[in-house]
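Shown next, in structure tokens, is the structure this report addresses.
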Amino acid sequence: MIVSDTSKDALQTPFPTHARTVVRSVRGAFSDLLVAMGADPRDPASISEKAGLTKTLAWKFAKIVQTDDPVIAIQHMPGATGVKLLLRGGERRGVNPELLEGARNAARGFERLIDIHCGDRATLEVMGTELSPSGRQQRDEQHRKLLYQGASYVWGVQARVILKVGIVAPGARPGLLDFASINGLIDFRRLRPDVSWVMASRRSQHDDGTAMRTKASEAIDPRFAGPDQAPLLQDFCTESALNLRRVVRGATTSFELMEGPVGATAAITCVFGAVQRDLPYVAEQPGERGEHRARCDIPAEQLVLDFFVHESLTFAIPPEVVLENDVGFESRKDERQKLLPMSETLQDIGVGPLAPATPEAPRYQDMLAYAYERLGWDPGRFHGYRLRIAYPAYPTAYVLRYPLPTEL
């Protein structure tokens with residue numbers, strides 16, 4: 001990479017400061033040039049007529065000079081050819097050479113910004129998202145969609161919907177709670193016939209090899225209660241999802257969907273439900289939190305994450321949600337190193353006999369009603385929260401957490 005400005009100030013100026021300065025210079029120089037040509041900077045049609053530009057290029061210049069958001073200005077900045085066409089239009093209109101040189105220098109400053117901090121325009125747009133919160137959610141989704149498309153190609157699988165449901169209820173005694181989870185892949189499909197995929201797994205010890213102190217989870221559906229069975233919710237799965245291959249590797253038992261036909265005609269829906277009983281929730285020291293991880297472990301078009309907390313467990317209402325990197329951070333103690341940017345928020349869906357239906361998950365309310373009935377819990381006493389994400393980043397984990405009380 002060739003850095004065209006090696007002055008000490010340019011190299012030492014932080015990217016956000018440098019970017020805002022450059023964008024301000026570009027906007028001012030282009031605005032002055034357009035006005036000098038007799039164009040209305042707010043009107044693409046006027047810019048197109050006076051500068052002799054295409055409607056698309058004129059629209060870009062109008063967006064740049066009108067916006068106060070540096071992110072939008074960066075996204076719409078034309079390349080070198082577009083800037084040259086604007087300058088030629090100014091020359092034809094007999095604009096003062098100083099204004100032309102000012103616009104030319106502003107464009108050069110934009111290119112120096114890329115050379116010094118980014119290397120290319122695509123990287124500039126990614127780094128530039130931090131300059132303004134406005135429109136962040138849309139930009140995030142655009143980049144996540146690209147990740148979804150690439151991951152689908154590499155791994156050879158994708159799902160239309162990842163469904164994650166967590167239910168926190170009082171345990172058998174004070175100081176204990178039960179946690180039920182429903183995990184589903186809706187319209188899972190292979191893109192290559194030689195691909196198998198782990199649909200569920202169970203560990204009999206922690207990652208460090210120590211034995212687990214809590215009870216093993218129990219299947220919600222009694223037909224799949226055996227220790228060697230995947231805890232499927234049979235009534236909400238397609239028939240082919242019931243034939244999973246059991247694989248044991250050390251302390252981990254996995255249930256894999258075997259290789260098979262590809263595409264939408266071979267898509268399956270696979271849903272699991274389990275409950276873990278009598279988890280202690282009183283903190284051993286101040287600052288401890290309860291955490292429930294919803295892993296995004298497959299490329300998917302949509303994530304629907306619902307979380308229900310019993311009204312008596314007030315310390316967990318409302319929960320907080322954060323997004324964590326799910327790769328290579330197990331040994332790092334500083335949790336801030338695991339956090340990823342997240343623009344979506346957890347929505348409060350209130351208390352009611354059932355959660356609102358979601359079109360992404362057919363028979364969702366029936367599924368939830370079955371789980372509550374099997375667990376013997378009254379759904380009208382649970383406060384619900386929902387997170388809906390388009391093209392959730394893979395592999396990541398959405399972590400729902402809340403502070404634990406230090407005493408009962």
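A note on labels: chains of the structure tokens are A, B, ... as shown, every chain counts residues from 1, and ligands are counted from 1 in their shown order.
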Filtered DSSP result for stretch 262-391 of chain A, state helix (DSSP H, G or I), as a ChimeraX atom specification = /A:264-266,314-316,335-337,364-375,379-381
What lies within 12 Å of A:Tyr372 using only C-alpha atoms, ignoring chain neighbours under 4 positions off, as a list in words?
->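 Surrounding residues, per the criterion: Val165, Gly166, Ile167, Val168, Ala169, Phe179, Ala180, Ser181, Ile182, Ile220, Asp221, Gly273, Ala274, Val275, Phe308, Pro353, Leu354, Ala355, Gln365, Asp366, Met367, Leu368, Gly376, Trp377, Asp378, Pro379, Gly380, Arg381 and Phe382 of chain A.
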Neighbours of stretch 402-407 of chain A within 8 Å (only C-alpha atoms; same-chain residues fewer than 4 positions away dropped), as a list in words?
->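 Here the qualifying residues turn out to be Tyr281, Val282, Ala283, Glu284, Gln285, Pro286, Gly287, Glu288, Arg289, Gly290, Glu291, Phe315, Ala316, Ile317, Pro318, Pro319 and Glu320 of chain A.
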Of the candidates A:Val161, A:Ala294, A:Ala51, A:Ala369, which shows the shortest atom-to-atom distance to A:Tyr398, using only C-alpha atoms?
->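 Closest to A:Tyr398, using only C-alpha atoms: A:Ala294.
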From a DSSP pass on the backbone, collect the residues of stretch 265-299 of chain A flagged as strand (DSSP E) and hand them back as a short mmCIF file (atom, residue, chain, number, x, y, z; two decimals) with all heavy atoms, in the first residue's frame.
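Done, and the output landed in selection.cif:
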```cif
data_model
loop_
_atom_site.label_atom_id
_atom_site.label_comp_id
_atom_site.auth_asym_id
_atom_site.auth_seq_id
_atom_site.Cartn_x
_atom_site.Cartn_y
_atom_site.Cartn_z
N ILE A 268 -35.73 -29.58 6.31
CA ILE A 268 -36.34 -30.20 7.50
C ILE A 268 -36.46 -29.16 8.61
O ILE A 268 -35.79 -28.13 8.60
CB ILE A 268 -35.52 -31.39 8.02
CG1 ILE A 268 -34.20 -30.89 8.64
CG2 ILE A 268 -35.27 -32.42 6.93
CD1 ILE A 268 -33.51 -31.92 9.48
N THR A 269 -37.34 -29.47 9.55
CA THR A 269 -37.45 -28.68 10.78
C THR A 269 -37.14 -29.60 11.95
O THR A 269 -37.71 -30.69 12.05
CB THR A 269 -38.85 -28.07 10.93
OG1 THR A 269 -39.04 -27.07 9.92
CG2 THR A 269 -39.03 -27.44 12.30
N CYS A 270 -36.22 -29.15 12.79
CA CYS A 270 -35.75 -29.98 13.91
C CYS A 270 -35.80 -29.14 15.18
O CYS A 270 -35.16 -28.07 15.24
CB CYS A 270 -34.33 -30.45 13.61
SG CYS A 270 -33.71 -31.72 14.73
N VAL A 271 -36.54 -29.59 16.19
CA VAL A 271 -36.73 -28.82 17.43
C VAL A 271 -36.42 -29.69 18.63
O VAL A 271 -36.87 -30.84 18.71
CB VAL A 271 -38.17 -28.27 17.54
CG1 VAL A 271 -38.30 -27.39 18.78
CG2 VAL A 271 -38.57 -27.50 16.29
N PHE A 272 -35.64 -29.14 19.56
CA PHE A 272 -35.27 -29.83 20.79
C PHE A 272 -35.82 -29.07 21.99
O PHE A 272 -35.90 -27.83 21.96
CB PHE A 272 -33.75 -29.93 20.93
CG PHE A 272 -33.08 -30.63 19.79
CD1 PHE A 272 -32.67 -29.94 18.67
CD2 PHE A 272 -32.85 -31.99 19.85
CE1 PHE A 272 -32.05 -30.57 17.61
CE2 PHE A 272 -32.22 -32.65 18.80
CZ PHE A 272 -31.82 -31.94 17.68
N GLY A 273 -36.15 -29.79 23.04
CA GLY A 273 -36.61 -29.15 24.27
C GLY A 273 -36.10 -29.88 25.49
O GLY A 273 -36.22 -31.11 25.59
N ALA A 274 -35.50 -29.14 26.42
CA ALA A 274 -34.95 -29.76 27.63
C ALA A 274 -35.09 -28.79 28.79
O ALA A 274 -35.23 -27.57 28.60
CB ALA A 274 -33.49 -30.15 27.43
N VAL A 275 -35.02 -29.32 30.00
CA VAL A 275 -35.07 -28.50 31.20
C VAL A 275 -33.98 -28.94 32.16
O VAL A 275 -33.71 -30.14 32.31
CB VAL A 275 -36.46 -28.59 31.89
CG1 VAL A 275 -36.80 -30.03 32.28
CG2 VAL A 275 -36.53 -27.66 33.10
N GLN A 276 -33.32 -27.97 32.76
CA GLN A 276 -32.32 -28.26 33.77
C GLN A 276 -32.87 -27.80 35.11
O GLN A 276 -33.28 -26.63 35.25
CB GLN A 276 -31.00 -27.56 33.44
CG GLN A 276 -29.81 -28.14 34.19
CD GLN A 276 -28.49 -27.79 33.54
OE1 GLN A 276 -28.42 -26.96 32.65
NE2 GLN A 276 -27.42 -28.43 34.00
N ARG A 277 -32.87 -28.68 36.07
CA ARG A 277 -33.53 -28.41 37.34
C ARG A 277 -32.53 -27.96 38.42
O ARG A 277 -31.36 -28.33 38.43
CB ARG A 277 -34.22 -29.68 37.84
CG ARG A 277 -35.22 -30.30 36.88
CD ARG A 277 -36.52 -29.54 36.87
NE ARG A 277 -37.57 -30.26 36.13
CZ ARG A 277 -38.80 -29.80 35.95
NH1 ARG A 277 -39.15 -28.63 36.46
NH2 ARG A 277 -39.68 -30.51 35.27
N ASP A 278 -33.07 -27.16 39.33
CA ASP A 278 -32.41 -26.81 40.60
C ASP A 278 -31.02 -26.23 40.40
O ASP A 278 -30.02 -26.69 40.98
CB ASP A 278 -32.34 -28.05 41.51
CG ASP A 278 -33.73 -28.54 41.90
OD1 ASP A 278 -34.67 -27.73 41.86
OD2 ASP A 278 -33.87 -29.72 42.24
N LEU A 279 -30.94 -25.17 39.62
CA LEU A 279 -29.70 -24.43 39.45
C LEU A 279 -29.61 -23.37 40.54
O LEU A 279 -30.55 -22.57 40.70
CB LEU A 279 -29.66 -23.76 38.07
CG LEU A 279 -29.75 -24.69 36.86
CD1 LEU A 279 -29.94 -23.88 35.59
CD2 LEU A 279 -28.50 -25.55 36.77
N PRO A 280 -28.53 -23.32 41.32
CA PRO A 280 -28.43 -22.29 42.37
C PRO A 280 -28.27 -20.91 41.76
O PRO A 280 -27.55 -20.72 40.78
CB PRO A 280 -27.17 -22.71 43.13
CG PRO A 280 -26.39 -23.53 42.18
CD PRO A 280 -27.36 -24.21 41.28
N ARG A 289 -23.36 -12.85 37.80
CA ARG A 289 -24.55 -12.78 36.97
C ARG A 289 -25.00 -14.16 36.53
O ARG A 289 -24.19 -15.07 36.37
CB ARG A 289 -24.28 -11.94 35.71
CG ARG A 289 -24.10 -10.47 35.97
CD ARG A 289 -23.97 -9.73 34.65
NE ARG A 289 -22.83 -10.19 33.89
CZ ARG A 289 -21.91 -9.38 33.37
NH1 ARG A 289 -21.99 -8.08 33.56
NH2 ARG A 289 -20.91 -9.87 32.67
N GLY A 290 -26.29 -14.28 36.34
CA GLY A 290 -26.81 -15.45 35.66
C GLY A 290 -26.76 -15.19 34.16
O GLY A 290 -27.08 -14.09 33.71
N GLU A 291 -26.35 -16.20 33.40
CA GLU A 291 -26.22 -16.03 31.95
C GLU A 291 -26.82 -17.22 31.23
O GLU A 291 -26.67 -18.38 31.65
CB GLU A 291 -24.74 -15.88 31.55
CG GLU A 291 -24.09 -14.61 32.04
CD GLU A 291 -22.72 -14.38 31.44
OE1 GLU A 291 -22.17 -15.34 30.82
OE2 GLU A 291 -22.18 -13.27 31.56
N HIS A 292 -27.50 -16.94 30.14
CA HIS A 292 -28.06 -17.98 29.28
C HIS A 292 -27.64 -17.66 27.85
O HIS A 292 -27.97 -16.60 27.32
CB HIS A 292 -29.59 -18.01 29.41
CG HIS A 292 -30.05 -18.18 30.83
ND1 HIS A 292 -29.99 -19.38 31.49
CD2 HIS A 292 -30.54 -17.28 31.72
CE1 HIS A 292 -30.45 -19.23 32.73
NE2 HIS A 292 -30.79 -17.96 32.89
N ARG A 293 -26.92 -18.58 27.22
CA ARG A 293 -26.34 -18.35 25.90
C ARG A 293 -27.22 -18.94 24.80
O ARG A 293 -27.62 -20.10 24.87
CB ARG A 293 -24.94 -18.97 25.80
CG ARG A 293 -23.95 -18.41 26.80
CD ARG A 293 -22.62 -19.15 26.72
NE ARG A 293 -21.98 -18.96 25.43
CZ ARG A 293 -21.23 -17.90 25.11
NH1 ARG A 293 -21.04 -16.94 26.00
NH2 ARG A 293 -20.66 -17.81 23.94
N ALA A 294 -27.50 -18.13 23.80
CA ALA A 294 -28.21 -18.58 22.61
C ALA A 294 -27.23 -18.52 21.46
O ALA A 294 -26.95 -17.45 20.91
CB ALA A 294 -29.42 -17.69 22.34
N ARG A 295 -26.67 -19.68 21.11
CA ARG A 295 -25.61 -19.73 20.11
C ARG A 295 -26.19 -19.72 18.70
O ARG A 295 -27.15 -20.43 18.40
CB ARG A 295 -24.74 -20.97 20.30
CG ARG A 295 -24.00 -21.01 21.63
CD ARG A 295 -23.07 -22.20 21.74
NE ARG A 295 -21.95 -22.07 20.80
CZ ARG A 295 -21.70 -22.93 19.82
NH1 ARG A 295 -22.49 -23.97 19.63
NH2 ARG A 295 -20.66 -22.76 19.03
N CYS A 296 -25.59 -18.90 17.85
CA CYS A 296 -25.90 -18.91 16.43
C CYS A 296 -24.85 -19.78 15.76
O CYS A 296 -23.74 -19.31 15.46
CB CYS A 296 -25.89 -17.50 15.87
SG CYS A 296 -27.14 -16.42 16.61
#
```
